[in-house]
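Here's the structure, in structure tokens; my notes come after.
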Amino acid sequence: MKAGTTIMYANEKLGERVTKYAEAQSLQLPKPIKDYHARIIEERSDSNYMISTFQSQALIFFARAIGAKRVLEIGVYVGYSAMIWSHAIGPQGKVTGLEYSEEYAKLAQEAWKKQGYENIDVHVGPAAETLPKLADVSEPYDIIFIDADKTGYTGYLSQILEMSAPGAKNRLLRPGGIIAADNTLRHGLVADSSSDNPWQSADFDKEGSVPAANVAAIREYNDLAAANDRLETFLVPLWDGLHLSRLLD
Ligand SMILES: C[S@@+](CC[C@H](N)C(=O)[O-])C[C@H]1O[C@@H](n2cnc3c(N)ncnc32)[C@H](O)[C@@H]1O
């Protein structure tokens with residue numbers, strides 16, 4: 001599967017062509033951001049961590065449609081998607097990133113500086129530990145993007161909901177705010193890990209493939225979000241699955 005391909009069509013070729021057409025008809029990314037994405041793909045073997053440029057177009061549209069000004073991102077890697085959020089909300093907005101790896105965070109900071117994005121901060125460490133440090137945020141976030149370790153998703157959801165209690169003075173996510181969790185279909189394995197799914201293979205549980213533990217963890221996340229009466233959810237079956245949850249209270 002090509003990184004940016006929409007996988008709703010009869011075959012990969014058609015999916016690619018439809019995606020290319022939809023990309024061309026949609027808002028365009030600034031050239032320096034596109035170039036950064038292309039450079040990371042060229043230079044790094046772990047570049048598949050990044051969201052695709054097509055998904056980026058969708059996220060910008062979506063952030064602007066809800067008038068977002070503050071975005072929290074869990075899982076920053078080398079800073080690409082944080083740049084997308086920063087571009088979407090403009091220089092008056094604020095992007096906060098949580099990233100486990102000091103090396104990735106440093107590369108991200110260098111890239112943001114080079115490209116003139118001054119409204120992005122990153123907190124280094126395991127997100128389960130850095131999230132609670134945001135308990136005294138001056139203003140709640142409009143969007144929280146979860147794109148880190150898959151086995152951590154359910155814990156992040158619980159922490160976010162706990163830190164966003166109705167009526168609390170400093171809540172993390174505003175009422176009506178969105179939690180957007182990435183990779184919530186995992187090549188469709190989350191919905192169907194039988195032999196009907198070509199991604200299911202002998203490698204299913206090996207390095208380089210999608211580990212079965214991640215699939216189970218994502219299933220648990222999807223179930224928890226969908227069953228929570230504080231949330232209204234929509235799982236978008238595009239890219240690797242984007243689970244949107246709107247906080248109702
Ligand atoms: C899929 S990549 C993020 C890609 C990025 N959002 C983008 O599209 O440009 C996942 C990131 O989560 C980070 N990560 C993994 N476990 C984490 C944890 N426990 N806390 C914080 N970050 C973590 C990884 O180091 C990696 O950089």
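Note on naming: chains are A, B, ... as they come in the structure tokens, residues start from 1 per chain, ligands start from 1 in the order shown.
Around ligand 1, using only C-alpha atoms and all ligand atoms and a cut-off of 7 Å, the residues in contact are Tyr49, Met50, Ile51, Ile74, Gly75, Val76, Tyr77, Val78, Gly79, Tyr80, Ser81, Ala82, Leu98, Glu99, Tyr100, Ser101, Tyr104, Gly125, Pro126, Ala127, Ala128, Asp147, Ala148, Asp149 and Gly152 of chain A.
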Could you save the residues just selected, with N, CA and C atoms, as a PDB file, in the first residue's frame?
```
ATOM      1  N   TYR A  49       6.762   6.711   9.564  1.00  0.00           N
ATOM      2  CA  TYR A  49       6.122   7.229  10.784  1.00  0.00           C
ATOM      3  C   TYR A  49       5.251   8.448  10.474  1.00  0.00           C
ATOM      4  N   MET A  50       5.623   9.195   9.431  1.00  0.00           N
ATOM      5  CA  MET A  50       4.923  10.461   9.161  1.00  0.00           C
ATOM      6  C   MET A  50       3.555  10.212   8.552  1.00  0.00           C
ATOM      7  N   ILE A  51       2.619  11.113   8.849  1.00  0.00           N
ATOM      8  CA  ILE A  51       1.349  11.095   8.122  1.00  0.00           C
ATOM      9  C   ILE A  51       1.641  11.457   6.661  1.00  0.00           C
ATOM     10  N   ILE A  74       0.490  14.041  20.448  1.00  0.00           N
ATOM     11  CA  ILE A  74       1.221  12.998  21.189  1.00  0.00           C
ATOM     12  C   ILE A  74       1.921  12.131  20.143  1.00  0.00           C
ATOM     13  N   GLY A  75       3.229  12.239  20.037  1.00  0.00           N
ATOM     14  CA  GLY A  75       4.012  11.525  19.010  1.00  0.00           C
ATOM     15  C   GLY A  75       4.407  12.493  17.914  1.00  0.00           C
ATOM     16  N   VAL A  76       5.609  13.031  18.030  1.00  0.00           N
ATOM     17  CA  VAL A  76       6.046  14.139  17.167  1.00  0.00           C
ATOM     18  C   VAL A  76       6.974  13.661  16.050  1.00  0.00           C
ATOM     19  N   TYR A  77       7.757  12.614  16.351  1.00  0.00           N
ATOM     20  CA  TYR A  77       8.791  12.137  15.413  1.00  0.00           C
ATOM     21  C   TYR A  77       9.688  13.331  15.049  1.00  0.00           C
ATOM     22  N   VAL A  78       9.960  13.596  13.775  1.00  0.00           N
ATOM     23  CA  VAL A  78      10.896  14.681  13.448  1.00  0.00           C
ATOM     24  C   VAL A  78      10.170  15.989  13.106  1.00  0.00           C
ATOM     25  N   GLY A  79       8.920  16.089  13.563  1.00  0.00           N
ATOM     26  CA  GLY A  79       8.254  17.394  13.552  1.00  0.00           C
ATOM     27  C   GLY A  79       7.376  17.721  12.370  1.00  0.00           C
ATOM     28  N   TYR A  80       7.152  16.737  11.469  1.00  0.00           N
ATOM     29  CA  TYR A  80       6.387  17.062  10.260  1.00  0.00           C
ATOM     30  C   TYR A  80       4.931  17.429  10.576  1.00  0.00           C
ATOM     31  N   SER A  81       4.198  16.542  11.257  1.00  0.00           N
ATOM     32  CA  SER A  81       2.762  16.824  11.457  1.00  0.00           C
ATOM     33  C   SER A  81       2.555  18.036  12.368  1.00  0.00           C
ATOM     34  N   ALA A  82       3.499  18.301  13.278  1.00  0.00           N
ATOM     35  CA  ALA A  82       3.378  19.506  14.121  1.00  0.00           C
ATOM     36  C   ALA A  82       3.436  20.764  13.243  1.00  0.00           C
ATOM     37  N   LEU A  98       4.343  16.123  22.415  1.00  0.00           N
ATOM     38  CA  LEU A  98       4.922  15.224  23.418  1.00  0.00           C
ATOM     39  C   LEU A  98       5.666  14.134  22.662  1.00  0.00           C
ATOM     40  N   GLU A  99       6.955  13.978  22.937  1.00  0.00           N
ATOM     41  CA  GLU A  99       7.760  13.013  22.186  1.00  0.00           C
ATOM     42  C   GLU A  99       8.706  12.280  23.130  1.00  0.00           C
ATOM     43  N   TYR A 100       8.737  10.969  22.979  1.00  0.00           N
ATOM     44  CA  TYR A 100       9.566  10.117  23.840  1.00  0.00           C
ATOM     45  C   TYR A 100      11.062  10.307  23.563  1.00  0.00           C
ATOM     46  N   SER A 101      11.420  10.391  22.285  1.00  0.00           N
ATOM     47  CA  SER A 101      12.824  10.357  21.899  1.00  0.00           C
ATOM     48  C   SER A 101      13.453  11.756  21.860  1.00  0.00           C
ATOM     49  N   TYR A 104      14.682  12.542  18.229  1.00  0.00           N
ATOM     50  CA  TYR A 104      13.626  13.023  17.319  1.00  0.00           C
ATOM     51  C   TYR A 104      13.222  14.458  17.679  1.00  0.00           C
ATOM     52  N   GLY A 125       9.903  12.880  26.726  1.00  0.00           N
ATOM     53  CA  GLY A 125       9.704  11.846  27.742  1.00  0.00           C
ATOM     54  C   GLY A 125       8.493  11.005  27.374  1.00  0.00           C
ATOM     55  N   PRO A 126       8.217   9.962  28.175  1.00  0.00           N
ATOM     56  CA  PRO A 126       7.025   9.155  27.892  1.00  0.00           C
ATOM     57  C   PRO A 126       5.773  10.022  28.088  1.00  0.00           C
ATOM     58  N   ALA A 127       4.874   9.998  27.110  1.00  0.00           N
ATOM     59  CA  ALA A 127       3.714  10.899  27.151  1.00  0.00           C
ATOM     60  C   ALA A 127       2.848  10.669  28.395  1.00  0.00           C
ATOM     61  N   ALA A 128       2.816   9.417  28.889  1.00  0.00           N
ATOM     62  CA  ALA A 128       2.018   9.157  30.096  1.00  0.00           C
ATOM     63  C   ALA A 128       2.521  10.005  31.264  1.00  0.00           C
ATOM     64  N   ASP A 147      -0.729  10.023  18.074  1.00  0.00           N
ATOM     65  CA  ASP A 147      -0.003   9.328  17.000  1.00  0.00           C
ATOM     66  C   ASP A 147       1.313   8.783  17.552  1.00  0.00           C
ATOM     67  N   ALA A 148       1.211   8.089  18.700  1.00  0.00           N
ATOM     68  CA  ALA A 148       2.437   7.564  19.334  1.00  0.00           C
ATOM     69  C   ALA A 148       2.319   6.053  19.474  1.00  0.00           C
ATOM     70  N   ASP A 149       2.897   5.498  20.530  1.00  0.00           N
ATOM     71  CA  ASP A 149       2.866   4.044  20.760  1.00  0.00           C
ATOM     72  C   ASP A 149       1.420   3.554  20.860  1.00  0.00           C
ATOM     73  N   GLY A 152      -0.227   2.568  24.050  1.00  0.00           N
ATOM     74  CA  GLY A 152      -0.467   3.652  25.017  1.00  0.00           C
ATOM     75  C   GLY A 152      -1.793   4.379  24.791  1.00  0.00           C
TER      76      GLY A 152
END
```
Which residues of stretch 38-116 of chain A have any atom within 12 Å of an atom in stretch 132-141 of chain A when counting only C-alpha atoms, and what is the closest pair of atoms for each, with the distance in Å to one decimal? Order the rows by chain and rising number and write it as a tab-separated table.
```
residue	atom	partner	partner_atom	distance
A:Ala63	CA	A:Tyr141	CA	11.7
A:Gly67	CA	A:Tyr141	CA	11.5
A:Ala68	CA	A:Tyr141	CA	8.2
A:Lys69	CA	A:Tyr141	CA	7.7
A:Arg70	CA	A:Tyr141	CA	4.8
A:Val71	CA	A:Tyr141	CA	5.6
A:Leu72	CA	A:Tyr141	CA	6.5
A:Glu73	CA	A:Tyr141	CA	10.2
A:Ile89	CA	A:Tyr141	CA	11.9
A:Gly93	CA	A:Tyr141	CA	10.3
A:Lys94	CA	A:Tyr141	CA	8.9
A:Val95	CA	A:Tyr141	CA	9.0
A:Thr96	CA	A:Tyr141	CA	9.3
A:Gly97	CA	A:Leu134	CA	11.0
A:Leu98	CA	A:Leu134	CA	10.4
```
Fill in: Polymer residues at most 8 Å from A:Gly241, only C-alpha atoms, same-chain spacing of 5 or more positions, as a list in words
Asp182, Asn183, Thr184, Leu185, Arg186, Leu235 and Val236 of chain A
File dump, residues just selected, N, CA, C and O atoms, as a short mmCIF file (atom, residue, chain, number, x, y, z; two decimals), in the first residue's frame:
```
data_model
loop_
_atom_site.label_atom_id
_atom_site.label_comp_id
_atom_site.auth_asym_id
_atom_site.auth_seq_id
_atom_site.Cartn_x
_atom_site.Cartn_y
_atom_site.Cartn_z
N ASP A 182 -4.66 8.40 15.33
CA ASP A 182 -4.22 7.91 14.02
C ASP A 182 -3.93 6.41 14.05
O ASP A 182 -3.72 5.83 15.12
N ASN A 183 -3.94 5.80 12.88
CA ASN A 183 -3.62 4.37 12.70
C ASN A 183 -4.59 3.47 13.45
O ASN A 183 -4.18 2.45 14.04
N THR A 184 -5.85 3.81 13.42
CA THR A 184 -6.83 3.05 14.20
C THR A 184 -7.50 1.94 13.38
O THR A 184 -8.47 1.35 13.82
N LEU A 185 -6.97 1.68 12.18
CA LEU A 185 -7.42 0.50 11.43
C LEU A 185 -6.28 -0.47 11.12
O LEU A 185 -6.52 -1.63 10.85
N ARG A 186 -5.06 0.04 11.17
CA ARG A 186 -3.87 -0.79 10.97
C ARG A 186 -4.02 -1.76 9.79
O ARG A 186 -4.15 -2.96 9.97
N LEU A 235 -15.14 6.93 13.02
CA LEU A 235 -13.86 6.33 12.60
C LEU A 235 -13.76 6.46 11.08
O LEU A 235 -14.52 5.84 10.35
N VAL A 236 -12.85 7.29 10.64
CA VAL A 236 -12.72 7.58 9.21
C VAL A 236 -11.87 6.50 8.54
O VAL A 236 -10.69 6.36 8.86
#
```
Item to complete: Would you work out the distance separating atom CA of A:Ser193 from atom CA of A:Ile178, expressed in Å to one decimal?
Response: 28.3 Å
DSSP on the backbone: which residues in stretch 68-193 of chain A end up as helix (DSSP H, G or I)? Give the answer as a compact mmCIF listing (two decimals) with all heavy atoms, in the first residue's frame.
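part-v5.txt was written with the following content:
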```txt
# COMPACT_ATOMS: atom_id res chain seq x y z
N TYR A 80 7.15 16.74 11.47
CA TYR A 80 6.39 17.06 10.26
C TYR A 80 4.93 17.43 10.58
O TYR A 80 4.46 18.52 10.23
CB TYR A 80 6.44 15.90 9.25
CG TYR A 80 5.47 16.12 8.12
CD1 TYR A 80 5.74 17.07 7.13
CD2 TYR A 80 4.25 15.44 8.05
CE1 TYR A 80 4.82 17.32 6.11
CE2 TYR A 80 3.34 15.68 7.04
CZ TYR A 80 3.63 16.62 6.08
OH TYR A 80 2.71 16.88 5.08
N SER A 81 4.20 16.54 11.26
CA SER A 81 2.76 16.82 11.46
C SER A 81 2.55 18.04 12.37
O SER A 81 1.55 18.75 12.23
CB SER A 81 2.01 15.59 11.98
OG SER A 81 2.59 15.09 13.15
N ALA A 82 3.50 18.30 13.28
CA ALA A 82 3.38 19.51 14.12
C ALA A 82 3.44 20.76 13.24
O ALA A 82 2.74 21.75 13.49
CB ALA A 82 4.48 19.52 15.17
N MET A 83 4.27 20.71 12.19
CA MET A 83 4.34 21.84 11.25
C MET A 83 3.01 22.03 10.54
O MET A 83 2.57 23.13 10.29
CB MET A 83 5.37 21.55 10.15
CG MET A 83 6.75 21.98 10.47
SD MET A 83 7.72 21.65 8.96
CE MET A 83 9.25 21.25 9.71
N ILE A 84 2.39 20.89 10.22
CA ILE A 84 1.07 20.93 9.56
C ILE A 84 0.05 21.63 10.46
O ILE A 84 -0.69 22.52 10.03
CB ILE A 84 0.61 19.49 9.21
CG1 ILE A 84 1.47 18.92 8.07
CG2 ILE A 84 -0.87 19.42 8.87
CD1 ILE A 84 1.32 19.64 6.74
N TRP A 85 0.05 21.25 11.75
CA TRP A 85 -0.89 21.89 12.68
C TRP A 85 -0.58 23.38 12.81
O TRP A 85 -1.49 24.21 12.82
CB TRP A 85 -0.81 21.22 14.06
CG TRP A 85 -1.29 19.79 14.10
CD1 TRP A 85 -0.57 18.70 14.46
CD2 TRP A 85 -2.62 19.31 13.79
NE1 TRP A 85 -1.35 17.57 14.38
CE2 TRP A 85 -2.60 17.91 14.00
CE3 TRP A 85 -3.80 19.92 13.37
CZ2 TRP A 85 -3.73 17.11 13.78
CZ3 TRP A 85 -4.92 19.13 13.16
CH2 TRP A 85 -4.88 17.76 13.37
N SER A 86 0.70 23.70 12.92
CA SER A 86 1.09 25.10 13.08
C SER A 86 0.64 25.92 11.86
O SER A 86 0.10 27.02 12.00
CB SER A 86 2.61 25.19 13.26
OG SER A 86 3.00 26.53 13.34
N HIS A 87 0.86 25.36 10.68
CA HIS A 87 0.42 26.03 9.46
C HIS A 87 -1.11 26.20 9.47
O HIS A 87 -1.63 27.27 9.10
CB HIS A 87 0.87 25.22 8.24
CG HIS A 87 0.28 25.68 6.96
ND1 HIS A 87 0.60 26.89 6.39
CD2 HIS A 87 -0.65 25.11 6.14
CE1 HIS A 87 -0.10 27.06 5.27
NE2 HIS A 87 -0.87 25.99 5.10
N ALA A 88 -1.82 25.17 9.93
CA ALA A 88 -3.29 25.21 9.91
C ALA A 88 -3.84 26.30 10.82
O ALA A 88 -4.77 27.01 10.45
CB ALA A 88 -3.85 23.84 10.35
N ILE A 89 -3.25 26.45 12.01
CA ILE A 89 -3.85 27.36 13.00
C ILE A 89 -3.24 28.75 12.95
O ILE A 89 -3.80 29.67 13.54
CB ILE A 89 -3.74 26.77 14.43
CG1 ILE A 89 -2.28 26.64 14.86
CG2 ILE A 89 -4.47 25.44 14.52
CD1 ILE A 89 -2.09 26.06 16.26
N GLU A 102 14.54 11.88 22.60
CA GLU A 102 15.25 13.15 22.64
C GLU A 102 15.83 13.48 21.25
O GLU A 102 15.83 14.63 20.82
CB GLU A 102 16.39 13.03 23.65
CG GLU A 102 16.71 14.34 24.30
CD GLU A 102 17.62 14.18 25.51
OE1 GLU A 102 17.38 13.26 26.33
OE2 GLU A 102 18.56 14.97 25.61
N GLU A 103 16.28 12.42 20.58
CA GLU A 103 16.89 12.61 19.25
C GLU A 103 15.86 13.15 18.25
O GLU A 103 16.11 14.11 17.53
CB GLU A 103 17.44 11.26 18.77
CG GLU A 103 18.20 11.35 17.47
CD GLU A 103 18.35 9.98 16.82
OE1 GLU A 103 18.36 8.96 17.55
OE2 GLU A 103 18.43 9.94 15.58
N TYR A 104 14.68 12.54 18.23
CA TYR A 104 13.63 13.02 17.32
C TYR A 104 13.22 14.46 17.68
O TYR A 104 13.03 15.30 16.79
CB TYR A 104 12.38 12.13 17.40
CG TYR A 104 12.50 10.75 16.78
CD1 TYR A 104 11.66 9.73 17.19
CD2 TYR A 104 13.42 10.49 15.78
CE1 TYR A 104 11.73 8.46 16.63
CE2 TYR A 104 13.51 9.21 15.22
CZ TYR A 104 12.67 8.21 15.66
OH TYR A 104 12.74 6.95 15.10
N ALA A 105 13.08 14.70 18.99
CA ALA A 105 12.63 16.04 19.41
C ALA A 105 13.62 17.11 18.96
O ALA A 105 13.24 18.20 18.52
CB ALA A 105 12.45 16.06 20.92
N LYS A 106 14.92 16.76 19.02
CA LYS A 106 15.96 17.73 18.64
C LYS A 106 15.87 18.02 17.13
O LYS A 106 15.93 19.17 16.69
CB LYS A 106 17.33 17.14 19.00
CG LYS A 106 18.45 18.12 18.94
CD LYS A 106 19.68 17.59 19.69
CE LYS A 106 20.89 18.47 19.42
NZ LYS A 106 21.54 18.14 18.14
N LEU A 107 15.69 16.95 16.36
CA LEU A 107 15.56 17.13 14.90
C LEU A 107 14.32 17.96 14.57
O LEU A 107 14.35 18.82 13.68
CB LEU A 107 15.49 15.77 14.20
CG LEU A 107 16.78 14.95 14.22
CD1 LEU A 107 16.53 13.52 13.75
CD2 LEU A 107 17.86 15.62 13.36
N ALA A 108 13.25 17.71 15.32
CA ALA A 108 12.00 18.47 15.09
C ALA A 108 12.24 19.95 15.38
O ALA A 108 11.88 20.82 14.58
CB ALA A 108 10.89 17.91 15.98
N GLN A 109 12.87 20.22 16.51
CA GLN A 109 13.10 21.62 16.89
C GLN A 109 13.97 22.34 15.86
O GLN A 109 13.72 23.50 15.52
CB GLN A 109 13.75 21.70 18.27
CG GLN A 109 12.74 21.43 19.39
CD GLN A 109 13.41 21.26 20.74
OE1 GLN A 109 14.38 20.52 20.88
NE2 GLN A 109 12.89 21.94 21.75
N GLU A 110 14.98 21.63 15.36
CA GLU A 110 15.84 22.23 14.33
C GLU A 110 15.04 22.58 13.09
O GLU A 110 15.18 23.64 12.50
CB GLU A 110 16.98 21.26 13.96
CG GLU A 110 18.09 21.24 15.02
CD GLU A 110 19.06 20.07 14.81
OE1 GLU A 110 19.02 19.40 13.76
OE2 GLU A 110 19.84 19.84 15.74
N ALA A 111 14.15 21.63 12.70
CA ALA A 111 13.35 21.86 11.48
C ALA A 111 12.39 23.03 11.67
O ALA A 111 12.22 23.86 10.77
CB ALA A 111 12.59 20.58 11.13
N TRP A 112 11.75 23.09 12.83
CA TRP A 112 10.79 24.19 13.08
C TRP A 112 11.52 25.53 13.04
O TRP A 112 11.01 26.50 12.48
CB TRP A 112 10.10 24.02 14.44
CG TRP A 112 9.32 22.75 14.57
CD1 TRP A 112 8.71 22.05 13.56
CD2 TRP A 112 9.07 22.00 15.76
NE1 TRP A 112 8.09 20.93 14.05
CE2 TRP A 112 8.29 20.86 15.39
CE3 TRP A 112 9.41 22.16 17.11
CZ2 TRP A 112 7.86 19.91 16.33
CZ3 TRP A 112 8.99 21.23 18.04
CH2 TRP A 112 8.23 20.12 17.65
N LYS A 113 12.70 25.55 13.64
CA LYS A 113 13.47 26.81 13.69
C LYS A 113 13.83 27.23 12.26
O LYS A 113 13.63 28.38 11.86
CB LYS A 113 14.73 26.59 14.53
CG LYS A 113 15.42 27.87 14.88
CD LYS A 113 16.46 27.70 15.94
CE LYS A 113 17.15 29.05 16.13
NZ LYS A 113 18.47 28.91 16.68
N LYS A 114 14.32 26.27 11.50
CA LYS A 114 14.76 26.54 10.13
C LYS A 114 13.60 27.07 9.28
O LYS A 114 13.78 27.94 8.43
CB LYS A 114 15.30 25.24 9.54
CG LYS A 114 16.27 25.45 8.41
CD LYS A 114 16.99 24.18 8.10
CE LYS A 114 17.62 24.27 6.73
NZ LYS A 114 18.05 22.98 6.25
N GLN A 115 12.41 26.54 9.52
CA GLN A 115 11.25 26.92 8.70
C GLN A 115 10.46 28.07 9.30
O GLN A 115 9.43 28.47 8.74
CB GLN A 115 10.34 25.71 8.51
CG GLN A 115 11.05 24.56 7.83
CD GLN A 115 10.21 23.95 6.72
OE1 GLN A 115 9.24 24.53 6.26
NE2 GLN A 115 10.60 22.78 6.28
N ALA A 127 4.87 10.00 27.11
CA ALA A 127 3.71 10.90 27.15
C ALA A 127 2.85 10.67 28.39
O ALA A 127 2.24 11.61 28.90
CB ALA A 127 2.89 10.72 25.89
N ALA A 128 2.82 9.42 28.89
CA ALA A 128 2.02 9.16 30.10
C ALA A 128 2.52 10.00 31.26
O ALA A 128 1.77 10.33 32.18
CB ALA A 128 2.08 7.67 30.45
N GLU A 129 3.83 10.38 31.20
CA GLU A 129 4.39 11.20 32.28
C GLU A 129 4.37 12.69 31.95
O GLU A 129 4.27 13.53 32.85
CB GLU A 129 5.85 10.76 32.55
CG GLU A 129 5.92 9.41 33.19
CD GLU A 129 7.35 8.88 33.32
OE1 GLU A 129 8.31 9.69 33.32
OE2 GLU A 129 7.49 7.64 33.39
N THR A 130 4.49 13.04 30.68
CA THR A 130 4.51 14.47 30.33
C THR A 130 3.10 15.06 30.23
O THR A 130 2.91 16.25 30.48
CB THR A 130 5.29 14.73 29.01
OG1 THR A 130 4.81 13.83 28.01
CG2 THR A 130 6.78 14.54 29.20
N LEU A 131 2.11 14.21 29.91
CA LEU A 131 0.72 14.70 29.82
C LEU A 131 0.26 15.36 31.13
O LEU A 131 -0.25 16.49 31.10
CB LEU A 131 -0.21 13.53 29.50
CG LEU A 131 -0.93 13.50 28.15
CD1 LEU A 131 -1.79 12.25 28.06
CD2 LEU A 131 -1.76 14.73 27.89
N PRO A 132 0.42 14.68 32.29
CA PRO A 132 -0.06 15.30 33.53
C PRO A 132 0.58 16.66 33.82
O PRO A 132 0.01 17.48 34.53
CB PRO A 132 0.34 14.28 34.61
CG PRO A 132 0.53 13.00 33.88
CD PRO A 132 0.98 13.34 32.51
N LYS A 133 1.77 16.90 33.24
CA LYS A 133 2.44 18.19 33.48
C LYS A 133 1.71 19.34 32.78
O LYS A 133 2.01 20.51 33.00
CB LYS A 133 3.90 18.13 33.03
CG LYS A 133 4.69 17.18 33.91
CD LYS A 133 6.15 17.15 33.55
CE LYS A 133 6.87 16.12 34.42
NZ LYS A 133 8.07 15.58 33.83
N LEU A 134 0.75 18.99 31.91
CA LEU A 134 -0.02 20.04 31.22
C LEU A 134 -1.29 20.38 32.01
O LEU A 134 -2.17 21.08 31.51
CB LEU A 134 -0.40 19.58 29.81
CG LEU A 134 0.75 19.20 28.88
CD1 LEU A 134 0.21 18.66 27.57
CD2 LEU A 134 1.65 20.41 28.63
N LYS A 150 1.09 2.55 20.06
CA LYS A 150 -0.30 2.10 19.96
C LYS A 150 -0.82 1.52 21.28
O LYS A 150 -1.99 1.68 21.61
CB LYS A 150 -0.48 1.09 18.82
CG LYS A 150 0.07 1.57 17.47
CD LYS A 150 -0.41 2.96 17.07
CE LYS A 150 0.49 3.62 16.05
NZ LYS A 150 0.38 5.08 16.00
N THR A 151 0.08 0.87 22.02
CA THR A 151 -0.36 0.27 23.28
C THR A 151 -0.61 1.34 24.36
O THR A 151 -1.16 1.04 25.41
CB THR A 151 0.67 -0.76 23.80
OG1 THR A 151 1.96 -0.13 23.77
CG2 THR A 151 0.72 -2.00 22.93
N GLY A 152 -0.23 2.57 24.05
CA GLY A 152 -0.47 3.65 25.02
C GLY A 152 -1.79 4.38 24.79
O GLY A 152 -2.23 5.16 25.64
N TYR A 153 -2.46 4.11 23.66
CA TYR A 153 -3.64 4.91 23.28
C TYR A 153 -4.74 4.93 24.35
O TYR A 153 -5.30 5.98 24.65
CB TYR A 153 -4.25 4.40 21.96
CG TYR A 153 -3.61 4.92 20.69
CD1 TYR A 153 -2.26 5.23 20.62
CD2 TYR A 153 -4.37 5.10 19.54
CE1 TYR A 153 -1.69 5.69 19.43
CE2 TYR A 153 -3.81 5.56 18.35
CZ TYR A 153 -2.47 5.85 18.30
OH TYR A 153 -1.91 6.30 17.13
N THR A 154 -5.07 3.76 24.92
CA THR A 154 -6.18 3.74 25.88
C THR A 154 -5.83 4.55 27.13
O THR A 154 -6.66 5.26 27.68
CB THR A 154 -6.55 2.29 26.30
OG1 THR A 154 -5.38 1.66 26.77
CG2 THR A 154 -7.15 1.51 25.15
N GLY A 155 -4.57 4.44 27.53
CA GLY A 155 -4.12 5.21 28.71
C GLY A 155 -4.21 6.71 28.43
O GLY A 155 -4.66 7.49 29.28
N TYR A 156 -3.79 7.13 27.21
CA TYR A 156 -3.85 8.57 26.88
C TYR A 156 -5.30 9.04 26.89
O TYR A 156 -5.60 10.13 27.39
CB TYR A 156 -3.22 8.86 25.51
CG TYR A 156 -1.77 8.42 25.39
CD1 TYR A 156 -1.27 7.88 24.20
CD2 TYR A 156 -0.91 8.54 26.48
CE1 TYR A 156 0.05 7.46 24.11
CE2 TYR A 156 0.42 8.13 26.39
CZ TYR A 156 0.88 7.58 25.21
OH TYR A 156 2.18 7.17 25.13
N LEU A 157 -6.19 8.20 26.36
CA LEU A 157 -7.61 8.58 26.33
C LEU A 157 -8.13 8.79 27.76
O LEU A 157 -8.79 9.80 28.05
CB LEU A 157 -8.44 7.51 25.61
CG LEU A 157 -9.93 7.80 25.50
CD1 LEU A 157 -10.20 9.05 24.67
CD2 LEU A 157 -10.68 6.61 24.88
N SER A 158 -7.81 7.87 28.65
CA SER A 158 -8.27 8.00 30.05
C SER A 158 -7.70 9.26 30.68
O SER A 158 -8.42 10.01 31.36
CB SER A 158 -7.82 6.81 30.89
OG SER A 158 -8.29 5.64 30.31
N GLN A 159 -6.40 9.50 30.44
CA GLN A 159 -5.78 10.69 31.04
C GLN A 159 -6.44 11.97 30.51
O GLN A 159 -6.73 12.89 31.26
CB GLN A 159 -4.28 10.72 30.72
CG GLN A 159 -3.46 9.76 31.57
CD GLN A 159 -1.98 9.80 31.20
OE1 GLN A 159 -1.59 9.40 30.10
NE2 GLN A 159 -1.15 10.29 32.09
N ILE A 160 -6.67 12.00 29.19
CA ILE A 160 -7.26 13.20 28.57
C ILE A 160 -8.65 13.46 29.16
O ILE A 160 -8.99 14.59 29.53
CB ILE A 160 -7.35 13.03 27.03
CG1 ILE A 160 -5.96 13.01 26.42
CG2 ILE A 160 -8.22 14.13 26.41
CD1 ILE A 160 -5.92 12.48 24.97
N LEU A 161 -9.45 12.39 29.29
CA LEU A 161 -10.81 12.57 29.80
C LEU A 161 -10.79 13.02 31.26
O LEU A 161 -11.55 13.90 31.67
CB LEU A 161 -11.62 11.28 29.63
CG LEU A 161 -11.95 10.91 28.17
CD1 LEU A 161 -12.63 9.56 28.09
CD2 LEU A 161 -12.84 11.98 27.53
N GLU A 162 -9.88 12.43 32.01
CA GLU A 162 -9.76 12.80 33.42
C GLU A 162 -9.33 14.26 33.56
O GLU A 162 -9.82 14.99 34.43
CB GLU A 162 -8.72 11.88 34.06
CG GLU A 162 -8.86 11.72 35.55
CD GLU A 162 -7.88 10.67 36.05
OE1 GLU A 162 -7.96 9.51 35.58
OE2 GLU A 162 -7.02 11.03 36.86
```
